[in-house]
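Visitor: Below is the file data.txt, which contains compact mmCIF, C-alpha atoms.
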# COMPACT_ATOMS: atom_id res chain seq x y z
CA MET A 1 9.59 21.36 -4.73
CA ARG A 2 11.81 19.16 -6.90
CA ALA A 3 10.27 17.88 -10.11
CA PHE A 4 9.44 14.19 -9.93
CA GLU A 5 11.09 12.16 -12.71
CA THR A 6 8.38 9.99 -14.24
CA ASP A 7 10.67 8.33 -16.78
CA PHE A 8 12.03 5.45 -14.72
CA TRP A 9 14.49 4.50 -17.48
CA ARG A 10 16.34 7.81 -17.25
CA ASP A 11 18.38 7.14 -14.10
CA ASN A 12 18.48 3.38 -14.49
CA ALA A 13 22.21 3.12 -15.15
CA SER A 14 22.95 4.66 -11.74
CA ARG A 15 20.68 2.33 -9.80
CA LYS A 16 21.94 -0.61 -7.78
CA ILE A 17 21.25 -4.02 -9.24
CA TRP A 18 20.62 -7.12 -7.12
CA ASP A 19 24.35 -7.90 -6.91
CA ASP A 20 25.11 -4.41 -5.49
CA ILE A 21 22.39 -4.27 -2.86
CA VAL A 22 23.76 -4.81 0.65
CA PRO A 23 21.20 -6.00 3.22
CA GLY A 24 21.31 -3.67 6.20
CA GLU A 25 22.62 -0.72 4.22
CA PRO A 26 20.41 2.41 4.50
CA ARG A 27 18.75 3.73 1.34
CA PRO A 28 19.09 7.47 0.68
CA THR A 29 15.78 9.26 1.29
CA VAL A 30 14.37 12.77 0.97
CA PRO A 31 11.79 14.61 3.11
CA TYR A 32 8.39 15.21 1.52
CA LEU A 33 5.69 17.76 2.31
CA LEU A 34 2.41 15.84 2.18
CA THR A 35 -0.34 18.08 0.84
CA LEU A 36 -4.10 17.65 1.03
CA GLU A 37 -4.09 17.67 -2.76
CA ALA A 38 -1.73 14.68 -2.92
CA ILE A 39 -3.76 12.79 -0.31
CA GLN A 40 -7.02 13.36 -2.16
CA LYS A 41 -5.46 12.46 -5.51
CA TYR A 42 -4.42 9.10 -4.06
CA CYS A 43 -7.87 8.62 -2.46
CA ARG A 44 -9.67 9.27 -5.74
CA ALA A 45 -7.42 6.77 -7.55
CA VAL A 46 -8.65 3.97 -5.27
CA GLY A 47 -12.21 5.32 -5.07
CA ASP A 48 -11.90 6.13 -1.35
CA LEU A 49 -13.96 9.24 -0.68
CA HIS A 50 -14.31 8.85 3.09
CA PRO A 51 -15.09 12.21 4.75
CA LEU A 52 -12.07 11.84 7.06
CA TYR A 53 -10.01 12.65 3.95
CA PHE A 54 -12.33 15.23 2.33
CA ASP A 55 -14.66 16.91 4.84
CA GLU A 56 -12.85 19.11 7.36
CA ALA A 57 -15.91 19.72 9.55
CA TYR A 58 -16.59 15.96 9.77
CA ALA A 59 -12.96 15.16 10.44
CA LYS A 60 -12.70 17.81 13.19
CA LYS A 61 -15.50 16.13 15.12
CA SER A 62 -13.94 12.68 14.70
CA ARG A 63 -11.51 10.96 17.08
CA PHE A 64 -8.71 12.23 14.78
CA GLY A 65 -9.57 15.92 15.30
CA GLY A 66 -8.93 16.91 11.70
CA LEU A 67 -8.32 15.69 8.19
CA ILE A 68 -6.00 12.70 7.85
CA ALA A 69 -4.54 10.55 5.09
CA PRO A 70 -5.69 6.93 4.69
CA PRO A 71 -3.29 4.35 6.17
CA ALA A 72 -2.08 3.17 2.74
CA ILE A 73 -0.74 6.62 1.87
CA HIS A 74 2.70 4.97 2.24
CA ILE A 75 2.12 3.75 -1.33
CA LEU A 76 2.71 7.35 -2.43
CA LEU A 77 5.25 8.16 0.29
CA MET A 78 7.54 5.32 -0.82
CA PHE A 79 8.19 7.06 -4.13
CA ALA A 80 7.82 10.62 -2.81
CA CYS A 81 10.54 10.08 -0.16
CA THR A 82 13.14 8.36 -2.35
CA PRO A 83 15.46 9.81 -5.00
CA ALA A 84 15.29 9.06 -8.73
CA ASP A 85 18.20 6.61 -8.55
CA ASP A 86 16.60 4.46 -5.85
CA TRP A 87 16.55 0.79 -6.84
CA MET A 88 12.84 0.52 -6.10
CA ARG A 89 12.29 2.38 -9.38
CA SER A 90 14.28 -0.05 -11.55
CA PRO A 91 12.04 -0.92 -14.52
CA GLY A 92 10.77 -4.47 -14.15
CA THR A 93 10.77 -4.44 -10.34
CA VAL A 94 7.87 -6.74 -9.45
CA ASN A 95 6.13 -6.34 -6.12
CA ALA A 96 5.47 -9.77 -4.59
CA GLY A 97 3.83 -8.63 -1.36
CA GLN A 98 3.98 -6.13 1.46
CA ALA A 99 3.18 -5.93 5.18
CA TRP A 100 2.55 -2.64 7.01
CA SER A 101 1.75 -1.59 10.60
CA TYR A 102 0.05 1.73 11.35
CA ASN A 103 0.61 4.00 14.33
CA VAL A 104 -0.47 7.67 14.01
CA PRO A 105 -2.15 8.87 10.80
CA ALA A 106 -0.31 11.07 8.33
CA ARG A 107 -1.94 14.47 8.01
CA PRO A 108 -1.99 17.18 5.36
CA GLY A 109 0.90 19.55 6.01
CA ASP A 110 3.12 16.87 7.56
CA THR A 111 6.72 16.83 6.46
CA ILE A 112 7.37 13.11 6.09
CA THR A 113 10.75 11.46 6.45
CA LEU A 114 11.67 7.87 5.68
CA ARG A 115 14.28 5.58 7.17
CA ALA A 116 14.71 2.69 4.78
CA ARG A 117 17.08 -0.13 4.00
CA ALA A 118 17.36 -3.39 2.19
CA LEU A 119 16.78 -6.00 4.86
CA ASP A 120 17.47 -9.23 3.01
CA LYS A 121 18.14 -10.66 -0.41
CA PHE A 122 17.84 -14.20 -1.68
CA ILE A 123 17.21 -16.38 -4.74
CA LYS A 124 14.10 -18.55 -4.96
CA LYS A 125 12.99 -20.50 -8.05
CA GLU A 126 15.65 -18.64 -10.07
CA ARG A 127 14.14 -15.28 -9.08
CA LEU A 128 16.19 -12.54 -7.43
CA PHE A 129 14.42 -11.21 -4.33
CA VAL A 130 15.16 -8.18 -2.18
CA VAL A 131 13.23 -7.40 1.00
CA HIS A 132 12.93 -3.69 1.84
CA ASP A 133 12.29 -2.37 5.32
CA ASN A 134 10.83 1.10 5.92
CA VAL A 135 9.64 3.45 8.65
CA PHE A 136 7.87 6.76 7.93
CA PHE A 137 7.92 9.59 10.49
CA ASN A 138 6.17 12.95 10.78
CA GLU A 139 8.01 16.17 11.72
CA ARG A 140 7.40 15.43 15.43
CA ASP A 141 9.36 12.20 14.95
CA GLU A 142 6.25 10.11 15.58
CA VAL A 143 6.07 6.85 13.68
CA ILE A 144 3.32 6.98 11.06
CA CYS A 145 3.79 3.46 9.77
CA SER A 146 6.38 0.78 9.25
CA GLY A 147 6.49 -1.94 6.68
CA ARG A 148 8.31 -4.49 4.61
CA GLY A 149 8.03 -5.45 0.99
CA TRP A 150 9.21 -8.40 -1.05
CA THR A 151 10.37 -7.41 -4.54
CA ILE A 152 11.54 -9.52 -7.46
CA ARG A 153 14.43 -7.71 -9.13
CA PRO A 154 14.81 -7.40 -12.90
CA ALA A 155 16.96 -10.29 -14.15
CA MET B 156 -19.91 1.50 19.94
CA THR B 157 -17.58 -0.38 22.28
CA ASP B 158 -20.06 -3.26 22.39
CA PHE B 159 -19.35 -4.07 18.78
CA PHE B 160 -16.24 -6.09 19.64
CA ASP B 161 -18.19 -8.29 22.05
CA SER B 162 -20.99 -8.93 19.59
CA LEU B 163 -18.75 -9.56 16.60
CA GLN B 164 -18.82 -13.17 15.46
CA VAL B 165 -15.86 -15.08 14.09
CA ALA B 166 -16.57 -15.86 10.40
CA ALA B 167 -18.41 -12.53 9.95
CA ARG B 168 -17.99 -11.28 6.37
CA ILE B 169 -16.74 -7.87 5.21
CA ASP B 170 -17.65 -6.93 1.67
CA GLY B 171 -15.77 -4.41 -0.44
CA SER B 172 -16.87 -2.57 -3.57
CA PRO B 173 -16.09 -3.77 -7.10
CA TYR B 174 -13.34 -1.87 -8.90
CA VAL B 175 -13.14 -1.76 -12.69
CA VAL B 176 -9.56 -1.82 -13.94
CA SER B 177 -8.77 0.09 -17.11
CA ARG B 178 -5.74 1.62 -18.76
CA GLU B 179 -7.02 4.93 -17.40
CA SER B 180 -7.36 3.65 -13.82
CA ILE B 181 -3.82 2.25 -13.96
CA ARG B 182 -2.52 5.56 -15.32
CA GLU B 183 -4.38 7.44 -12.58
CA PHE B 184 -2.75 5.19 -9.98
CA CYS B 185 0.68 5.95 -11.53
CA GLU B 186 0.02 9.67 -11.08
CA ALA B 187 -1.35 9.29 -7.56
CA SER B 188 1.35 6.91 -6.28
CA LEU B 189 4.28 8.31 -8.32
CA ASP B 190 5.03 4.72 -9.35
CA PHE B 191 5.73 5.03 -13.08
CA ASN B 192 7.33 1.63 -13.55
CA PRO B 193 6.94 0.61 -17.24
CA LEU B 194 5.20 -2.56 -15.99
CA HIS B 195 2.15 -0.30 -15.73
CA LEU B 196 2.67 1.91 -18.79
CA ASP B 197 4.49 0.27 -21.68
CA ASP B 198 2.82 -2.56 -23.62
CA ASP B 199 5.87 -3.14 -25.82
CA TYR B 200 8.10 -3.58 -22.77
CA MET B 201 5.55 -5.95 -21.25
CA LYS B 202 5.63 -8.24 -24.29
CA GLY B 203 9.07 -9.37 -23.12
CA HIS B 204 9.98 -12.09 -20.65
CA PHE B 205 10.54 -11.46 -16.96
CA GLY B 206 12.60 -14.42 -15.90
CA ARG B 207 10.03 -17.22 -15.80
CA THR B 208 7.07 -14.88 -16.23
CA THR B 209 5.41 -13.33 -19.30
CA PHE B 210 2.67 -10.76 -18.79
CA GLY B 211 1.76 -9.96 -22.43
CA GLY B 212 0.69 -6.38 -21.65
CA ILE B 213 0.58 -3.82 -18.87
CA ILE B 214 -0.57 -4.88 -15.41
CA MET B 215 -2.18 -3.05 -12.50
CA HIS B 216 0.04 -2.06 -9.58
CA GLY B 217 -0.01 -4.74 -6.87
CA MET B 218 -0.38 -1.90 -4.38
CA ASN B 219 -3.66 -0.89 -6.00
CA ASN B 220 -5.02 -4.13 -4.48
CA PHE B 221 -3.53 -3.02 -1.17
CA GLY B 222 -5.28 0.36 -1.45
CA LEU B 223 -8.64 -1.27 -2.20
CA LEU B 224 -8.28 -3.61 0.78
CA THR B 225 -7.39 -0.66 3.01
CA ARG B 226 -10.46 1.23 1.77
CA MET B 227 -12.69 -1.76 2.64
CA LEU B 228 -11.09 -2.23 6.07
CA THR B 229 -11.20 1.44 7.09
CA ASN B 230 -14.81 1.81 5.93
CA TRP B 231 -15.68 -1.16 8.12
CA ALA B 232 -13.54 -0.15 11.09
CA TYR B 233 -14.19 3.62 11.31
CA GLU B 234 -17.97 3.18 11.61
CA ARG B 235 -17.57 0.61 14.37
CA GLY B 236 -15.00 2.42 16.50
CA GLY B 237 -12.06 0.43 15.14
CA ILE B 238 -8.63 1.45 13.91
CA HIS B 239 -6.88 -0.26 11.02
CA ARG B 240 -3.51 -1.32 12.47
CA ARG B 241 -1.94 -3.78 10.06
CA LEU B 242 -2.25 -5.26 6.59
CA GLU B 243 -0.13 -7.98 5.01
CA THR B 244 -0.78 -9.10 1.44
CA ARG B 245 0.82 -11.03 -1.34
CA TRP B 246 -0.03 -10.89 -4.99
CA LEU B 247 -1.08 -14.14 -6.63
CA VAL B 248 -2.28 -13.32 -10.15
CA PRO B 249 -1.59 -10.20 -12.27
CA VAL B 250 -4.55 -7.85 -12.79
CA LYS B 251 -5.02 -6.42 -16.28
CA PRO B 252 -7.14 -3.75 -17.98
CA GLY B 253 -10.67 -5.09 -18.45
CA ASP B 254 -10.67 -7.00 -15.15
CA THR B 255 -13.14 -6.21 -12.39
CA ILE B 256 -11.79 -6.95 -8.94
CA ARG B 257 -13.45 -6.98 -5.55
CA PRO B 258 -11.95 -7.12 -2.05
CA ALA B 259 -13.54 -9.11 0.76
CA GLY B 260 -12.70 -10.13 4.31
CA GLU B 261 -13.64 -12.66 6.95
CA VAL B 262 -13.15 -12.33 10.68
CA LYS B 263 -10.79 -15.10 11.77
CA ALA B 264 -10.12 -14.35 15.43
CA LYS B 265 -10.71 -11.96 18.32
CA GLN B 266 -8.08 -11.30 20.96
CA ARG B 267 -7.93 -9.22 24.13
CA THR B 268 -4.59 -7.87 25.30
CA GLU B 269 -3.78 -6.08 28.52
CA LYS B 270 -4.59 -2.69 27.02
CA SER B 271 -6.80 -3.27 24.00
CA ARG B 272 -8.86 -5.57 21.80
CA TRP B 273 -7.97 -6.91 18.36
CA VAL B 274 -9.67 -8.53 15.41
CA THR B 275 -7.78 -10.57 12.83
CA VAL B 276 -9.34 -10.50 9.36
CA ALA B 277 -8.41 -12.75 6.45
CA VAL B 278 -8.57 -10.68 3.27
CA GLU B 279 -8.72 -11.52 -0.40
CA VAL B 280 -9.17 -9.76 -3.73
CA THR B 281 -10.85 -11.75 -6.50
CA ASN B 282 -11.32 -11.03 -10.18
CA GLN B 283 -14.39 -11.53 -12.37
CA ARG B 284 -13.46 -15.20 -12.89
CA GLY B 285 -13.44 -15.81 -9.15
CA GLU B 286 -9.65 -16.18 -9.06
CA ALA B 287 -7.88 -14.82 -5.99
CA VAL B 288 -5.47 -12.13 -7.23
CA ALA B 289 -4.30 -11.13 -3.75
CA SER B 290 -4.63 -12.57 -0.28
CA GLY B 291 -3.48 -11.66 3.18
CA GLU B 292 -4.39 -10.75 6.71
CA ALA B 293 -5.32 -7.58 8.55
CA LEU B 294 -5.47 -6.49 12.18
CA ILE B 295 -8.09 -4.04 13.46
CA GLU B 296 -7.88 -2.57 16.96
CA PHE B 297 -11.01 -1.81 18.96
CA PRO B 298 -9.69 0.35 21.81
CA THR B 299 -11.45 0.08 25.14
CA ALA B 300 -11.32 3.88 25.46
CA THR B 301 -11.37 6.62 22.83
CA VAL B 302 -7.88 7.37 21.50
What's the structure tokens form of this structure?

Guide:
Amino acid sequence: MRAFETDFWRDNASRKIWDDIVPGEPRPTVPYLLTLEAIQKYCRAVGDLHPLYFDEAYAKKSRFGGLIAPPAIHILLMFACTPADDWMRSPGTVNAGQAWSYNVPARPGDTITLRARALDKFIKKERLFVVHDNVFFNERDEVICSGRGWTIRPA
Amino acid sequence: MTDFFDSLQVAARIDGSPYVVSRESIREFCEASLDFNPLHLDDDYMKGHFGRTTFGGIIMHGMNNFGLLTRMLTNWAYERGGIHRRLETRWLVPVKPGDTIRPAGEVKAKQRTEKSRWVTVAVEVTNQRGEAVASGEALIEFPTATV
């Protein structure tokens, strides 16, 4: 697996700034193998210890038939499925809000792919906004979730 | 289980658990989400100006609010035969180390469609001063048959 670059300054010169972002243009993405370890790490960070994410025997008897990831796992997938020069990583990117719809749950062992684009950009109260538009799929090409986010770009 | 939708009252409350925000919790969220934006890591960087905004120090990820709301909604829905289908939020006030935040919800509407049943929930996260730091709306499905 590729090493994840945690220094968001490192690739900053190669990232698109607000002026360069073209609404409608796809963002490059990379597939990501979602592990149980990554799911549980996310769950612990938000204090969510539901047995559907931790107890295989419980999860097997549930309507889901096995362990799943919580719906908001897209928080991790957004960074896991995008390259280091993606403009979402630009230091100073402020998240103003997001809206997500959920279809099938992500599961440990899924190879996740992302189709993403900038959808819109505008200026409001002197702030530079970009709206991003995303759909995550599993390896069976089923939609896991889709969502939009409103970001304020670094000035 | 399927009777829950019928008995559910508009204005019913959903209570989430308090969450103590610390430098460590923010760092843990960085590691878990892979979002290492210096907004959440670098106090010196955060002393600067961001257009019309000054934060004065690191802030919690807005999506941490989102994760806490999801936790509250799934805990409520799973036990009652519901499925969390949608969440929309916007961030109103930055959350900083030392804050204690708590998500909550209120049932706003019930709706039947041709194939299923839906509950709209207004959601909010408040801090220890009672300020709303995030607000939004969620949709929970209560299928008529097991899916």

Visitor: For chain A, which of B:Arg168, B:Lys265, B:Arg284, B:Arg241 is the closest residue, counting only C-alpha atoms?

Guide: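 For chain A, the nearest of the candidates is B:Arg241.
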
Visitor: Near B:Arg226, within 10 Å and counting only C-alpha atoms, which residues show up once chain neighbours fewer than 4 positions away are dropped, as number ranges by chain?

Guide: A: 43, 46-50, 70-72; B: 171-172, 220-222, 230-232, 258

Visitor: With C-alpha atoms retained, export the selected residues as a PDB file, keeping the file's coordinate frame.

Guide:
ATOM      1  CA  CYS A  43      -7.870   8.620  -2.460  1.00  0.00           C
ATOM      2  CA  VAL A  46      -8.650   3.970  -5.270  1.00  0.00           C
ATOM      3  CA  GLY A  47     -12.210   5.320  -5.070  1.00  0.00           C
ATOM      4  CA  ASP A  48     -11.900   6.130  -1.350  1.00  0.00           C
ATOM      5  CA  LEU A  49     -13.960   9.240  -0.680  1.00  0.00           C
ATOM      6  CA  HIS A  50     -14.310   8.850   3.090  1.00  0.00           C
ATOM      7  CA  PRO A  70      -5.690   6.930   4.690  1.00  0.00           C
ATOM      8  CA  PRO A  71      -3.290   4.350   6.170  1.00  0.00           C
ATOM      9  CA  ALA A  72      -2.080   3.170   2.740  1.00  0.00           C
TER      10      ALA A  72
ATOM     11  CA  GLY B 171     -15.770  -4.410  -0.440  1.00  0.00           C
ATOM     12  CA  SER B 172     -16.870  -2.570  -3.570  1.00  0.00           C
ATOM     13  CA  ASN B 220      -5.020  -4.130  -4.480  1.00  0.00           C
ATOM     14  CA  PHE B 221      -3.530  -3.020  -1.170  1.00  0.00           C
ATOM     15  CA  GLY B 222      -5.280   0.360  -1.450  1.00  0.00           C
ATOM     16  CA  ASN B 230     -14.810   1.810   5.930  1.00  0.00           C
ATOM     17  CA  TRP B 231     -15.680  -1.160   8.120  1.00  0.00           C
ATOM     18  CA  ALA B 232     -13.540  -0.150  11.090  1.00  0.00           C
ATOM     19  CA  PRO B 258     -11.950  -7.120  -2.050  1.00  0.00           C
TER      20      PRO B 258
END

Visitor: Suppose you want the space between atom CA of B:Pro173 and atom CA of B:Ile256; what is it in Å?

Guide: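 For atom CA of B:Pro173 relative to atom CA of B:Ile256, the distance reads 5.7 Å.
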
Visitor: For chain A against chain B, which residues fall within 9 Å using only C-alpha atoms, given as a PyMOL selection string?

Guide: chain A and resi 4-9+38-48+50+63-64+70-80+89-103+125-127+150+154-155

Visitor: Could you check the closest approach to B:Gly212 for each of B:Val175, B:Val262, B:Ala166, B:Leu196 and tell me which residue wins, using all atoms listed in the file?

Guide: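 Distance minimum relative to B:Gly212 lands on B:Leu196.
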
Visitor: Kindly give the distance, in Å, that separates atom CA of A:Pro28 and atom CA of A:Asp86, rounded to a single decimal.

Guide: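 Between atom CA of A:Pro28 and atom CA of A:Asp86 the gap works out to 7.6 Å.
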
Visitor: Have a look at atom CA of A:Gly24 and atom CA of A:Phe136 and let me know their distance in Å, one decimal.

Guide: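 Those two atoms sit 17.1 Å apart.
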
Visitor: My list of candidates is B:Asp158, B:Leu163, B:Val248, B:Thr255. Which is closest to B:Thr209 when distances are computed with all atoms listed in the file?

Guide: B:Val248

Visitor: With all atoms listed in the file as the basis for distance, which of A:Val130, A:Leu114, A:Val143, A:Val135 is at the shortest distance from A:Pro83?

Guide: A:Leu114

Visitor: What's around B:Gly260 at 7 Å? Count all atoms listed in the file, leave out sequence neighbours fewer than 5 positions away in its own chain, and write the answer as a PyMOL selection string.

Guide: chain B and resi 168-170+276-279

Visitor: List the residues sitting within 7 Å of (-9.7, -5.8, -13.6) in the file's frame, using all atoms listed in the file, as a VMD selection string.

Guide: chain B and resid 175 to 177 250 to 256 282
